[in-house]
Amino acid sequence: MLVEIAQIKVALSPTELVSIGLGSCIGVCLYDPFARVGGLAHVMLPASNKGLKTEYRGKFADTAVPALIVEMLKSGASARRLVAKIAGGAQMFSFPNVSEFMCIGERNLNAVLEALDKEKIPVVSQDTGKNYGRSVRFCTGTGMLHIKSIGRQIKVI
């Protein structure tokens with residue numbers, strides 16, 4: 001099941017959730033290993049408080065994480081059992097004298113980690129940062145996150 005930019009999707013085992021082209025975006029995967037329910041949000045930006053309105057709850061870290069949890073609970077997951085795996089948050093382009101504002105990948109990562117911490121969801125593994133994009137395949141049957149990057153071996157976390 002494809003999860004496009006700014007989308008949130010939840011599925012039961014044995015469905016696979018896929019996001020392609022995570023550059024500075026973050027793929028947030030939540031999993032309940034007992035219910036075997038998985039969810040994926042393709043987060044584009046850190047915060048929704050800049051006056052930007054959108055119907056896509058998955059667009060911002062601060063709205064995506066709570067919305068993903070709600071959808072997980074609707075599908076039979078328990079908030080107490082949820083764990084997170086995350087990928088993405090790259091700094092895709094290098095410019096001299098770049099301001100913190102332009103470091104979207106790092107800002108996205110920090111916002112996602114803050115949102116997960118606020119919800120008391122542990123991050124059990126991550127593949128984040130660096131300067132290359134990723135595509136992910138999240139298996140709801142096993143909770144494994146397969147990460148593919150151009151010129152690199154597939155990483156499974």
# chains A, B, ... in the order shown; residues from 1 in each chain; ligands from 1
$ residues_around --residues "A:Thr142" --least-positions-apart "2" --cutoff "12 Å" --atoms "only C-alpha atoms" --output "short mmCIF file (atom, residue, chain, number, x, y, z; two decimals) with C-alpha atoms, in the first residue's frame"
data_model
loop_
_atom_site.label_atom_id
_atom_site.label_comp_id
_atom_site.auth_asym_id
_atom_site.auth_seq_id
_atom_site.Cartn_x
_atom_site.Cartn_y
_atom_site.Cartn_z
CA LEU A 12 -3.28 -5.04 9.49
CA SER A 13 -0.86 -7.92 8.94
CA PRO A 14 0.32 -9.00 6.38
CA THR A 15 0.11 -5.70 4.46
CA GLU A 16 3.23 -3.76 3.48
CA TYR A 31 3.71 -0.82 15.27
CA ASP A 32 1.75 -2.85 17.78
CA PRO A 33 3.48 -6.25 17.78
CA PHE A 34 0.66 -8.01 19.61
CA ALA A 35 -2.21 -6.81 17.38
CA ARG A 36 0.13 -6.78 14.34
CA VAL A 37 -1.16 -3.39 13.28
CA GLY A 38 1.22 -1.03 11.53
CA ARG A 137 8.82 -0.76 3.04
CA PHE A 138 7.20 -1.46 6.40
CA CYS A 139 5.95 -5.01 7.00
CA THR A 140 2.95 -5.10 9.33
CA MET A 144 10.51 -4.85 10.07
CA LEU A 145 11.37 -1.68 8.17
CA HIS A 146 13.30 -2.20 4.92
CA VAL A 156 16.53 -3.72 7.69
CA ILE A 157 15.71 -2.30 11.09
#
$ select_by_dssp --residues "chain A" --states "helix (DSSP H, G or I)" --output "ChimeraX atom specification"
/A:57-59,61-74,79-81,100-102,104-118
$ closest_residue --among "A:Cys25, A:Ile121, A:Leu113, A:Ala6" --to "A:Lys59" --atoms "only C-alpha atoms"
A:Ala6
$ select_by_dssp --residues "chain A" --states "strand (DSSP E)" --output "short mmCIF file (atom, residue, chain, number, x, y, z; two decimals) with N, CA and C atoms, in the first residue's frame"
data_model
loop_
_atom_site.label_atom_id
_atom_site.label_comp_id
_atom_site.auth_asym_id
_atom_site.auth_seq_id
_atom_site.Cartn_x
_atom_site.Cartn_y
_atom_site.Cartn_z
N ILE A 8 -1.15 9.48 5.71
CA ILE A 8 -1.08 8.53 6.82
C ILE A 8 -1.90 7.32 6.41
N LYS A 9 -1.33 6.14 6.60
CA LYS A 9 -2.09 4.91 6.34
C LYS A 9 -1.78 3.89 7.43
N VAL A 10 -2.80 3.11 7.75
CA VAL A 10 -2.69 2.05 8.76
C VAL A 10 -3.19 0.77 8.12
N ALA A 11 -2.55 -0.35 8.46
CA ALA A 11 -2.95 -1.63 7.89
C ALA A 11 -2.69 -2.76 8.89
N LEU A 12 -3.45 -3.82 8.70
CA LEU A 12 -3.28 -5.04 9.49
C LEU A 12 -2.33 -5.98 8.76
N GLU A 16 2.01 -4.54 3.47
CA GLU A 16 3.23 -3.76 3.48
C GLU A 16 2.89 -2.32 3.12
N LEU A 17 3.43 -1.40 3.88
CA LEU A 17 3.24 0.03 3.65
C LEU A 17 4.55 0.57 3.06
N VAL A 18 4.43 1.34 1.98
CA VAL A 18 5.61 1.79 1.24
C VAL A 18 5.58 3.30 1.05
N SER A 19 6.73 3.94 1.28
CA SER A 19 6.92 5.35 0.95
C SER A 19 8.19 5.46 0.12
N ILE A 20 8.06 6.19 -0.97
CA ILE A 20 9.17 6.34 -1.91
C ILE A 20 9.68 7.78 -1.86
N GLY A 21 10.97 7.92 -1.87
CA GLY A 21 11.57 9.24 -1.99
C GLY A 21 11.55 10.08 -0.73
N LEU A 22 11.94 9.49 0.40
CA LEU A 22 12.10 10.27 1.62
C LEU A 22 13.45 10.97 1.55
N ILE A 26 10.32 12.54 6.67
CA ILE A 26 10.52 11.44 7.61
C ILE A 26 9.40 10.43 7.43
N GLY A 27 9.76 9.17 7.35
CA GLY A 27 8.78 8.09 7.39
C GLY A 27 8.67 7.64 8.85
N VAL A 28 7.48 7.86 9.43
CA VAL A 28 7.24 7.47 10.82
C VAL A 28 6.41 6.19 10.80
N CYS A 29 6.99 5.11 11.30
CA CYS A 29 6.30 3.82 11.36
C CYS A 29 5.96 3.51 12.80
N LEU A 30 4.69 3.26 13.06
CA LEU A 30 4.26 2.81 14.38
C LEU A 30 3.80 1.37 14.25
N TYR A 31 4.03 0.61 15.32
CA TYR A 31 3.71 -0.82 15.27
C TYR A 31 3.25 -1.31 16.63
N ASP A 32 2.19 -2.11 16.60
CA ASP A 32 1.75 -2.85 17.78
C ASP A 32 2.04 -4.31 17.48
N VAL A 37 -0.63 -4.55 13.99
CA VAL A 37 -1.16 -3.39 13.28
C VAL A 37 0.01 -2.44 13.06
N GLY A 38 0.15 -1.96 11.84
CA GLY A 38 1.22 -1.03 11.53
C GLY A 38 0.69 0.21 10.85
N GLY A 39 1.39 1.30 11.03
CA GLY A 39 1.01 2.56 10.40
C GLY A 39 2.23 3.30 9.91
N LEU A 40 2.04 4.09 8.87
CA LEU A 40 3.13 4.87 8.29
C LEU A 40 2.63 6.26 7.95
N ALA A 41 3.37 7.26 8.39
CA ALA A 41 3.12 8.66 8.02
C ALA A 41 4.33 9.16 7.25
N HIS A 42 4.08 9.85 6.13
CA HIS A 42 5.14 10.46 5.32
C HIS A 42 5.14 11.95 5.65
N VAL A 43 5.94 12.32 6.65
CA VAL A 43 5.97 13.67 7.20
C VAL A 43 6.87 14.57 6.37
N VAL A 83 5.38 1.02 19.32
CA VAL A 83 6.80 1.36 19.18
C VAL A 83 6.97 2.03 17.83
N ALA A 84 8.04 2.80 17.71
CA ALA A 84 8.28 3.54 16.47
C ALA A 84 9.62 3.18 15.85
N LYS A 85 9.61 3.22 14.51
CA LYS A 85 10.83 3.16 13.72
C LYS A 85 10.72 4.31 12.74
N ILE A 86 11.84 5.00 12.52
CA ILE A 86 11.80 6.17 11.64
C ILE A 86 12.96 6.15 10.65
N ALA A 87 12.71 6.76 9.49
CA ALA A 87 13.75 6.85 8.47
C ALA A 87 13.56 8.16 7.71
N GLY A 88 14.66 8.70 7.23
CA GLY A 88 14.62 9.93 6.43
C GLY A 88 15.33 11.06 7.14
N VAL A 123 11.24 5.09 20.37
CA VAL A 123 11.82 4.86 19.04
C VAL A 123 12.80 3.70 19.21
N VAL A 124 12.46 2.56 18.64
CA VAL A 124 13.29 1.37 18.82
C VAL A 124 14.43 1.29 17.81
N SER A 125 14.29 1.98 16.67
CA SER A 125 15.39 2.08 15.72
C SER A 125 15.11 3.18 14.72
N GLN A 126 16.20 3.66 14.12
CA GLN A 126 16.08 4.72 13.13
C GLN A 126 17.24 4.70 12.17
N ASP A 127 16.98 5.20 10.97
CA ASP A 127 18.00 5.42 9.95
C ASP A 127 17.72 6.82 9.42
N THR A 128 18.42 7.80 9.96
CA THR A 128 18.09 9.20 9.69
C THR A 128 19.33 10.02 9.40
N ARG A 134 15.90 8.06 0.88
CA ARG A 134 15.55 6.68 1.21
C ARG A 134 14.14 6.38 0.72
N SER A 135 13.89 5.12 0.45
CA SER A 135 12.55 4.60 0.24
C SER A 135 12.37 3.48 1.26
N VAL A 136 11.14 3.35 1.79
CA VAL A 136 10.92 2.39 2.87
C VAL A 136 9.76 1.46 2.55
N ARG A 137 9.89 0.25 3.10
CA ARG A 137 8.82 -0.76 3.04
C ARG A 137 8.66 -1.31 4.44
N PHE A 138 7.48 -1.07 5.02
CA PHE A 138 7.20 -1.46 6.40
C PHE A 138 6.26 -2.65 6.40
N CYS A 139 6.71 -3.76 6.98
CA CYS A 139 5.95 -5.01 7.00
C CYS A 139 5.13 -5.10 8.28
N LEU A 145 11.33 -2.81 9.09
CA LEU A 145 11.37 -1.68 8.17
C LEU A 145 12.56 -1.88 7.24
N HIS A 146 12.27 -2.02 5.95
CA HIS A 146 13.30 -2.20 4.92
C HIS A 146 13.56 -0.84 4.29
N ILE A 147 14.83 -0.44 4.27
CA ILE A 147 15.22 0.88 3.81
C ILE A 147 16.15 0.73 2.61
N LYS A 148 15.77 1.36 1.52
CA LYS A 148 16.57 1.29 0.30
C LYS A 148 17.04 2.69 -0.08
N LYS A 155 18.87 -1.87 4.00
CA LYS A 155 19.05 -1.94 5.46
C LYS A 155 17.71 -2.35 6.06
N VAL A 156 17.74 -3.28 7.02
CA VAL A 156 16.53 -3.72 7.69
C VAL A 156 16.65 -3.42 9.17
#
$ closest_residue --among "A:Ala79, A:Ile5, A:Ala61, A:Cys103" --to "A:Asn49" --atoms "only C-alpha atoms"
A:Ala61
$ atom_distance --atom1 "atom CA of A:Ala47" --atom2 "atom CA of A:Pro122"
20.4 Å
$ atom_distance --atom1 "atom CA of A:Leu2" --atom2 "atom CA of A:Gln91"
23.7 Å
$ atom_distance --atom1 "atom CA of A:Ile104" --atom2 "atom CA of A:Asn131"
11.9 Å
$ closest_residue --among "A:Asn110, A:Gln7, A:Ser48, A:Ser75" --to "A:Thr63" --atoms "only C-alpha atoms"
A:Ser48
